[in-house]
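Novice: Provided below: final-v3.csv, containing CSV, C-alpha atoms.
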chain,number,residue,atom,x,y,z
Z,1,MET,CA,-5.4,23.3,12.7
Z,2,LEU,CA,-1.9,22.2,11.6
Z,3,THR,CA,-1.0,25.5,10.1
Z,4,ASP,CA,1.4,26.9,12.8
Z,5,PRO,CA,5.1,27.1,11.9
Z,6,ILE,CA,6.2,24.4,14.4
Z,7,THR,CA,3.8,21.8,13.1
Z,8,LEU,CA,4.7,22.6,9.5
Z,9,GLY,CA,8.4,22.6,10.4
Z,10,LEU,CA,8.2,19.2,11.9
Z,11,ALA,CA,6.4,17.8,8.8
Z,12,ALA,CA,9.1,19.4,6.5
Z,13,GLY,CA,11.9,18.1,8.6
Z,14,ALA,CA,10.5,14.5,8.6
Z,15,THR,CA,9.8,14.8,4.9
Z,16,TRP,CA,13.3,15.8,3.9
Z,17,LEU,CA,14.9,13.4,6.3
Z,18,ALA,CA,13.0,10.6,4.6
Z,19,VAL,CA,13.9,11.9,1.1
Z,20,VAL,CA,17.6,12.1,1.9
Z,21,SER,CA,17.8,8.7,3.5
Z,22,ALA,CA,15.8,7.1,0.6
Z,23,ILE,CA,18.0,8.8,-2.1
Z,24,LEU,CA,21.1,7.5,-0.3
Z,25,GLN,CA,19.7,4.0,-0.4
Z,26,ILE,CA,18.8,4.3,-4.0
Z,27,LEU,CA,22.3,5.6,-4.9
Z,28,LEU,CA,23.9,2.7,-3.0
Z,29,HIS,CA,21.7,0.2,-4.9
Z,30,LEU,CA,22.6,1.8,-8.2
Z,31,TYR,CA,26.3,1.8,-7.3
Z,32,ASN,CA,26.1,-1.9,-6.5
Z,33,TYR,CA,23.7,-2.9,-9.2
Z,34,SER,CA,24.7,-6.5,-9.3
Z,35,GLU,CA,21.3,-8.2,-9.1
Z,36,PRO,CA,19.1,-6.3,-11.5
Z,37,LEU,CA,16.3,-9.0,-11.4
Z,38,TYR,CA,15.8,-8.2,-7.7
Z,39,GLN,CA,17.1,-4.6,-7.4
Z,40,ARG,CA,14.8,-3.1,-10.0
Z,41,TYR,CA,11.8,-4.0,-7.7
Z,42,ILE,CA,13.6,-3.0,-4.6
Z,43,LEU,CA,14.4,0.5,-6.0
Z,44,ARG,CA,10.7,1.0,-6.9
Z,45,ILE,CA,9.8,0.1,-3.4
Z,46,ILE,CA,12.3,2.4,-1.8
Z,47,PHE,CA,11.1,5.2,-4.0
Z,48,MET,CA,7.8,4.9,-2.2
Z,49,VAL,CA,9.3,6.7,0.8
Z,50,PRO,CA,10.2,10.1,-0.9
Z,51,PHE,CA,7.1,9.9,-3.1
Z,52,TYR,CA,4.8,9.4,-0.1
Z,53,SER,CA,6.6,12.1,2.0
Z,54,VAL,CA,6.7,14.8,-0.6
Z,55,THR,CA,3.2,14.4,-1.9
Z,56,SER,CA,1.9,14.4,1.7
Z,57,TRP,CA,3.9,17.5,2.5
Z,58,LEU,CA,2.7,19.3,-0.6
Z,59,SER,CA,-0.9,18.3,0.2
Z,60,LEU,CA,-0.4,19.7,3.7
Z,61,LEU,CA,0.8,23.0,2.4
Z,62,ASN,CA,-1.8,23.3,-0.3
Z,63,ARG,CA,-5.1,22.1,1.2
Z,64,ASP,CA,-7.3,23.3,-1.6
Z,65,MET,CA,-5.2,21.2,-4.1
Z,66,SER,CA,-4.6,18.3,-1.8
Z,67,ILE,CA,-6.7,15.8,-3.7
Z,68,TYR,CA,-4.4,16.3,-6.8
Z,69,TYR,CA,-1.4,15.2,-4.7
Z,70,ASP,CA,-3.3,12.4,-2.8
Z,71,VAL,CA,-4.6,10.7,-6.0
Z,72,PRO,CA,-1.1,10.1,-7.5
Z,73,ARG,CA,0.1,8.8,-4.1
Z,74,ASP,CA,-2.8,6.4,-4.0
Z,75,CYS,CA,-2.0,5.1,-7.5
Z,76,TYR,CA,1.6,4.5,-6.5
Z,77,GLU,CA,0.3,2.3,-3.7
Z,78,ALA,CA,-1.1,0.0,-6.4
Z,79,TRP,CA,2.2,0.0,-8.3
Z,80,MET,CA,3.9,-0.8,-5.0
Z,81,ILE,CA,1.8,-3.9,-4.4
Z,82,TYR,CA,2.6,-5.2,-7.9
Z,83,ASN,CA,6.3,-4.7,-7.4
Z,84,PHE,CA,6.4,-6.3,-4.0
Z,85,LEU,CA,4.6,-9.4,-5.3
Z,86,SER,CA,6.9,-9.5,-8.3
Z,87,LEU,CA,9.9,-9.2,-6.0
Z,88,CYS,CA,8.8,-12.2,-4.0
Z,89,MET,CA,8.1,-14.2,-7.2
Z,90,ALA,CA,11.6,-13.3,-8.5
Z,91,TYR,CA,13.2,-14.4,-5.2
Z,92,VAL,CA,11.9,-18.0,-5.6
Z,93,GLY,CA,12.4,-18.2,-9.4
Z,94,GLY,CA,8.8,-17.5,-10.6
Z,95,PRO,CA,5.5,-19.4,-10.3
Z,96,GLY,CA,6.8,-22.5,-12.1
Z,97,ALA,CA,9.7,-22.9,-9.7
Z,98,ILE,CA,7.3,-22.5,-6.7
Z,99,VAL,CA,5.1,-25.3,-8.0
Z,100,VAL,CA,8.1,-27.6,-8.5
Z,101,LYS,CA,9.8,-26.8,-5.2
Z,102,SER,CA,6.6,-26.9,-3.2
Z,103,GLU,CA,5.3,-30.2,-4.5
Z,104,GLY,CA,3.5,-32.0,-1.8
Z,105,LYS,CA,3.3,-28.9,0.5
Z,106,VAL,CA,0.0,-27.8,1.9
Z,107,ILE,CA,-1.3,-24.9,4.0
Z,108,GLU,CA,-2.9,-26.4,7.1
Z,109,PRO,CA,-6.2,-25.2,8.3
Z,110,SER,CA,-5.7,-22.0,10.4
Z,111,TRP,CA,-7.8,-19.5,12.4
Z,112,CYS,CA,-5.4,-16.8,11.4
Z,113,LEU,CA,-5.9,-17.4,7.7
Z,114,MET,CA,-9.7,-18.1,8.2
Z,115,THR,CA,-9.2,-21.6,6.7
Z,116,CYS,CA,-10.1,-23.5,9.8
Z,117,CYS,CA,-13.1,-25.1,8.2
Z,118,TRP,CA,-11.3,-25.9,4.9
Z,119,PRO,CA,-9.2,-29.0,4.0
Z,120,PRO,CA,-5.5,-28.5,3.7
Z,121,ILE,CA,-4.7,-26.2,0.7
Z,122,PRO,CA,-2.0,-27.5,-1.7
Z,123,VAL,CA,0.6,-25.0,-2.7
Z,124,ASP,CA,0.2,-25.4,-6.5
Z,125,GLY,CA,-0.4,-23.3,-9.6
Z,126,PHE,CA,-4.1,-22.8,-8.7
Z,127,LEU,CA,-3.2,-21.3,-5.3
Z,128,LEU,CA,-0.6,-19.0,-6.8
Z,129,ARG,CA,-3.0,-17.9,-9.5
Z,130,LYS,CA,-5.6,-17.0,-6.9
Z,131,CYS,CA,-3.0,-15.1,-4.8
Z,132,LYS,CA,-2.0,-13.1,-7.9
Z,133,GLN,CA,-5.6,-12.4,-8.8
Z,134,GLY,CA,-6.5,-11.4,-5.2
Z,135,THR,CA,-3.5,-9.1,-4.9
Z,136,LEU,CA,-3.5,-7.6,-8.4
Z,137,GLN,CA,-7.3,-6.8,-8.3
Z,138,PHE,CA,-6.2,-4.0,-6.0
Z,139,VAL,CA,-3.6,-2.8,-8.6
Z,140,LEU,CA,-6.4,-2.6,-11.2
Z,141,ILE,CA,-9.1,-1.1,-9.1
Z,142,LYS,CA,-7.0,1.5,-7.3
Z,143,PRO,CA,-6.4,3.8,-10.4
Z,144,ILE,CA,-10.1,3.4,-11.4
Z,145,LEU,CA,-11.2,4.6,-7.9
Z,146,ALA,CA,-8.6,7.4,-7.9
Z,147,SER,CA,-10.1,8.6,-11.2
Z,148,LEU,CA,-13.6,8.4,-9.9
Z,149,THR,CA,-12.5,10.4,-6.9
Z,150,LEU,CA,-11.3,13.2,-9.1
Z,151,ILE,CA,-14.5,13.1,-11.1
Z,152,PHE,CA,-16.7,13.3,-7.9
Z,153,PHE,CA,-14.5,16.1,-6.6
Z,154,ALA,CA,-14.9,18.1,-9.8
Z,155,PHE,CA,-18.7,17.8,-9.5
Z,156,GLY,CA,-18.7,18.7,-5.8
Z,157,ASN,CA,-19.7,15.2,-4.6
Z,158,TYR,CA,-16.5,14.3,-2.8
Z,159,GLU,CA,-15.0,15.6,0.5
Z,160,ASP,CA,-12.7,13.8,2.9
Z,161,GLY,CA,-14.7,12.7,6.0
Z,162,ASP,CA,-18.1,13.2,4.4
Z,163,TRP,CA,-20.0,10.0,5.3
Z,164,SER,CA,-23.3,11.2,3.9
Z,165,MET,CA,-25.2,8.9,1.5
Z,166,THR,CA,-25.2,11.6,-1.2
Z,167,GLY,CA,-21.4,12.0,-1.3
Z,168,GLY,CA,-18.9,9.8,-3.1
Z,169,TYR,CA,-16.5,9.4,-0.1
Z,170,LEU,CA,-18.7,6.8,1.6
Z,171,TYR,CA,-18.9,4.5,-1.4
Z,172,ILE,CA,-15.3,4.8,-2.5
Z,173,SER,CA,-14.1,4.1,1.0
Z,174,ILE,CA,-16.2,1.0,1.2
Z,175,ILE,CA,-14.9,-0.3,-2.1
Z,176,TYR,CA,-11.3,0.7,-1.1
Z,177,ASN,CA,-11.7,-1.2,2.2
Z,178,ILE,CA,-12.9,-4.4,0.5
Z,179,CYS,CA,-10.1,-4.3,-2.1
Z,180,TYR,CA,-7.4,-3.5,0.6
Z,181,THR,CA,-8.6,-6.4,2.8
Z,182,ILE,CA,-8.6,-8.9,-0.1
Z,183,ALA,CA,-5.1,-7.8,-1.3
Z,184,LEU,CA,-3.8,-8.0,2.3
Z,185,TYR,CA,-5.3,-11.4,2.8
Z,186,TYR,CA,-3.9,-12.9,-0.4
Z,187,LEU,CA,-0.4,-11.4,0.3
Z,188,LEU,CA,-0.5,-13.2,3.6
Z,189,VAL,CA,-1.6,-16.5,2.1
Z,190,PHE,CA,1.2,-16.2,-0.5
Z,191,TYR,CA,3.8,-15.6,2.2
Z,192,VAL,CA,2.6,-18.5,4.3
Z,193,GLY,CA,2.5,-20.9,1.3
Z,194,CYS,CA,6.0,-19.9,0.2
Z,195,GLU,CA,7.6,-19.1,3.6
Z,196,GLU,CA,10.3,-21.8,3.4
Z,197,LEU,CA,11.3,-20.7,-0.1
Z,198,LEU,CA,11.3,-17.0,0.9
Z,199,ARG,CA,13.1,-17.5,4.2
Z,200,PRO,CA,16.7,-17.0,2.8
Z,201,TYR,CA,15.7,-13.5,1.5
Z,202,HIS,CA,14.1,-12.4,4.8
Z,203,PRO,CA,11.0,-10.8,3.2
Z,204,LEU,CA,9.0,-10.8,6.4
Z,205,MET,CA,10.0,-7.2,7.5
Z,206,LYS,CA,9.5,-6.0,3.9
Z,207,LEU,CA,6.0,-7.5,4.1
Z,208,VAL,CA,5.3,-5.9,7.4
Z,209,ILE,CA,6.5,-2.5,6.3
Z,210,ILE,CA,4.5,-2.6,3.1
Z,211,LYS,CA,1.4,-3.5,5.1
Z,212,MET,CA,2.0,-0.7,7.6
Z,213,VAL,CA,2.7,2.0,5.0
Z,214,ILE,CA,-0.1,1.1,2.6
Z,215,PHE,CA,-2.8,-0.7,4.5
Z,216,LEU,CA,-2.5,0.9,8.0
Z,217,THR,CA,-2.3,4.4,6.5
Z,218,PHE,CA,-5.6,3.8,4.7
Z,219,TRP,CA,-7.3,2.5,7.9
Z,220,GLN,CA,-5.7,5.4,9.8
Z,221,SER,CA,-7.3,7.8,7.3
Z,222,ILE,CA,-10.7,6.1,7.8
Z,223,GLY,CA,-10.3,6.3,11.6
Z,224,ILE,CA,-9.5,10.1,11.4
Z,225,SER,CA,-12.4,10.7,9.1
Z,226,MET,CA,-14.8,9.2,11.6
Z,227,PHE,CA,-14.0,12.1,14.0
Z,228,SER,CA,-14.3,14.7,11.2
Z,229,SER,CA,-17.3,16.3,13.0
Z,230,ARG,CA,-15.0,17.4,15.8
Z,231,PHE,CA,-12.8,19.5,13.4
Z,232,SER,CA,-13.9,23.1,12.8
Z,233,ASP,CA,-12.5,23.0,9.3
Z,234,PRO,CA,-13.4,20.0,7.1
Z,235,SER,CA,-10.0,20.1,5.5
Z,236,ASP,CA,-8.4,19.3,8.8
Z,237,THR,CA,-9.3,15.7,8.3
Z,238,GLY,CA,-7.1,15.3,5.3
Z,239,ALA,CA,-4.4,17.6,6.7
Z,240,LEU,CA,-4.0,15.5,9.8
Z,241,GLN,CA,-3.6,12.4,7.7
Z,242,ASP,CA,-1.0,14.1,5.5
Z,243,TRP,CA,0.9,15.3,8.6
Z,244,MET,CA,1.0,11.8,10.1
Z,245,VAL,CA,2.2,10.3,6.8
Z,246,CYS,CA,5.0,13.0,6.6
Kindly transcribe the structure held in the file into structure tokens.

Specialist:
Amino acid sequence: MLTDPITLGLAAGATWLAVVSAILQILLHLYNYSEPLYQRYILRIIFMVPFYSVTSWLSLLNRDMSIYYDVPRDCYEAWMIYNFLSLCMAYVGGPGAIVVKSEGKVIEPSWCLMTCCWPPIPVDGFLLRKCKQGTLQFVLIKPILASLTLIFFAFGNYEDGDWSMTGGYLYISIIYNICYTIALYYLLVFYVGCEELLRPYHPLMKLVIIKMVIFLTFWQSIGISMFSSRFSDPSDTGALQDWMVC
């Protein structure tokens, strides 16, 4: 599956189109490098596109070595979350500026934020600290889980789509899912709390794209792995995920 020339050609075309467009964006930012405080984070976020595309394409071409391409890609996801949060903080002048500018503001109880049974939450230093902790826990845990993945794989206890109790995939996926969900939730809380301050910088689309690329691709991989029993080759599970990321 996914080894015919047409399928591989489509993946290669999409990969290099993404690489070229991202490089052009990076070069334009470097040529107009007038806001280094913001643009250094933006450049790192843009670099996610070629990094994701190339590692997924290489993983698709070299299935036996795919885990060695997927793990660095997973670690870059953590780096990306850190840079996106740092960019949003830089936009509004840092945590201190948020506290001063948001004095008296509260997040009203909401079903969407699962705070419907809570009193109004003030946008203060405590909330910002919790948002940073909730988001950055993913940044810390992701490389650790990536390292554990390599260790399990080396000892023959890890395979994509293997949901058995004796394999490492099940437990790593559960921990990943919890960490992803917590990070996603606190990013959303941070955005809602600082929405008025962030509005001039139009970060909503950036937030949506970050969520789609990082969080939805993870849940997409989980969804594909649930149907792994229908694939004749176990490596088809990871290959389909890599092809879709390309």

Novice: Excluding Tyr52 of chain Z and its own-chain neighbours fewer than 6 positions away, which residues fall within 12 Å of it when counting all atoms listed in the file? Please give them as a list in words.

Specialist: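 My reading of the contact set: Ala14, Thr15, Trp16, Ala18, Val19, Ala22, Ile45, Ile46, Leu58, Ser59, Tyr69, Asp70, Val71, Pro72, Arg73, Asp74, Cys75, Tyr76, Glu77, Met80, Val213, Ile214, Thr217, Gln241, Asp242, Trp243, Met244, Val245 and Cys246 of chain Z.
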
Novice: Compare Z:Pro50, Z:Trp118, Z:Leu188, Z:Gly94 by their minimum atom-to-atom distance to Pro203 of chain Z, counting all atoms listed in the file, and give me the closest one.

Specialist: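 Under the stated criterion, the closest residue is Z:Leu188.
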
Novice: Taking into account all atoms listed in the file, which residue in the set Z:Thr237, Z:Thr55, Z:Ser102, Z:Ser173 is nearest to Phe218 of chain Z?

Specialist: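 For Phe218 of chain Z, the nearest of the candidates is Z:Ser173.
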
Novice: For Pro95 of chain Z, find every residue with an atom within 8 Å (counting all atoms listed in the file), except residues of its own chain fewer than 3 positions away, and show them as a ChimeraX atom specification.

Specialist: /Z:89,98-99,125,128

Novice: Residues as selected, C-alpha atoms, written as a PDB file, in the coordinates of the input, can you do that?

Specialist:
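Ended up saving to selection22.pdb:
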ATOM      1  CA  MET Z  89       8.100 -14.200  -7.200  1.00  0.00           C
ATOM      2  CA  ILE Z  98       7.300 -22.500  -6.700  1.00  0.00           C
ATOM      3  CA  VAL Z  99       5.100 -25.300  -8.000  1.00  0.00           C
ATOM      4  CA  GLY Z 125      -0.400 -23.300  -9.600  1.00  0.00           C
ATOM      5  CA  LEU Z 128      -0.600 -19.000  -6.800  1.00  0.00           C
TER       6      LEU Z 128
END

Novice: In the coordinate frame of the file, compute which residues have an atom within 9 Å of (1.9, -28.2, 3.4) when using only C-alpha atoms, and state them as a PDB file with C-alpha atoms, keeping the file's coordinate frame.

Specialist:
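That gives us point34.pdb:
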ATOM      1  CA  SER Z 102       6.600 -26.900  -3.200  1.00  0.00           C
ATOM      2  CA  GLU Z 103       5.300 -30.200  -4.500  1.00  0.00           C
ATOM      3  CA  GLY Z 104       3.500 -32.000  -1.800  1.00  0.00           C
ATOM      4  CA  LYS Z 105       3.300 -28.900   0.500  1.00  0.00           C
ATOM      5  CA  VAL Z 106       0.000 -27.800   1.900  1.00  0.00           C
ATOM      6  CA  ILE Z 107      -1.300 -24.900   4.000  1.00  0.00           C
ATOM      7  CA  GLU Z 108      -2.900 -26.400   7.100  1.00  0.00           C
ATOM      8  CA  PRO Z 120      -5.500 -28.500   3.700  1.00  0.00           C
ATOM      9  CA  ILE Z 121      -4.700 -26.200   0.700  1.00  0.00           C
ATOM     10  CA  PRO Z 122      -2.000 -27.500  -1.700  1.00  0.00           C
ATOM     11  CA  VAL Z 123       0.600 -25.000  -2.700  1.00  0.00           C
ATOM     12  CA  GLY Z 193       2.500 -20.900   1.300  1.00  0.00           C
TER      13      GLY Z 193
END

Novice: Nearest to Tyr82 of chain Z among Z:Leu61, Z:Ala183, Z:Ala154, Z:Met114, with distances taken over all atoms listed in the file: which residue is it?

Specialist: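 Selected residue with least distance to Tyr82 of chain Z: Z:Ala183.
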
Novice: One decimal, Å: what's the distance from atom CA of Leu87 of chain Z over to atom CA of Ile42 of chain Z, could you say?

Specialist: 7.4 Å

Novice: Which is closer to Thr166 of chain Z than all the others in Z:Trp219, Z:Tyr191, Z:Phe152, Z:Met205, using all atoms listed in the file?

Specialist: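 Of Z:Trp219, Z:Tyr191, Z:Phe152, Z:Met205, the one nearest Thr166 of chain Z, counting all atoms listed in the file, is Z:Phe152.
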
Novice: If you measure from atom CA of Phe47 of chain Z to atom CA of Ile23 of chain Z, what distance in Å do you get, rounded to one decimal?

Specialist: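 Computing it gives 8.0 Å between the two atoms.
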
Novice: Write out as a list of chain:residue names which residues come within 9 Å of Tyr176 of chain Z when counting only C-alpha atoms, dropping same-chain ones fewer than 3 positions away.

Specialist: Z:Phe138, Z:Ile141, Z:Lys142, Z:Leu145, Z:Tyr171, Z:Ile172, Z:Ser173, Z:Cys179, Z:Tyr180, Z:Thr181, Z:Phe218

Novice: Okay, now the selection with C-alpha atoms, as an mmCIF file, in the frame of the given file?

Specialist:
data_model
loop_
_atom_site.group_PDB
_atom_site.id
_atom_site.type_symbol
_atom_site.label_atom_id
_atom_site.label_comp_id
_atom_site.auth_asym_id
_atom_site.auth_seq_id
_atom_site.Cartn_x
_atom_site.Cartn_y
_atom_site.Cartn_z
ATOM 1 C CA PHE Z 138 -6.200 -4.000 -6.000
ATOM 2 C CA ILE Z 141 -9.100 -1.100 -9.100
ATOM 3 C CA LYS Z 142 -7.000 1.500 -7.300
ATOM 4 C CA LEU Z 145 -11.200 4.600 -7.900
ATOM 5 C CA TYR Z 171 -18.900 4.500 -1.400
ATOM 6 C CA ILE Z 172 -15.300 4.800 -2.500
ATOM 7 C CA SER Z 173 -14.100 4.100 1.000
ATOM 8 C CA CYS Z 179 -10.100 -4.300 -2.100
ATOM 9 C CA TYR Z 180 -7.400 -3.500 0.600
ATOM 10 C CA THR Z 181 -8.600 -6.400 2.800
ATOM 11 C CA PHE Z 218 -5.600 3.800 4.700
#

Novice: Select, from Z:Val92, Z:Leu240, Z:Leu207, Z:Leu85, the residue with the minimum atom-to-atom distance to Lys132 of chain Z, counting all atoms listed in the file.

Specialist: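 Using all atoms listed in the file, Lys132 of chain Z sits closest to Z:Leu85.
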
Novice: Of the candidates Z:Ile178, Z:Ala97, Z:Trp79, Z:Val192, which shows the shortest atom-to-atom distance to Val139 of chain Z, using all atoms listed in the file?

Specialist: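 That would be Z:Trp79, the residue with the smallest distance to Val139 of chain Z.
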
Novice: May I ask for the distance between atom CA of Phe153 of chain Z and atom CA of Phe215 of chain Z, given in Å to one decimal place?

Specialist: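 These two atoms are separated by 23.3 Å.
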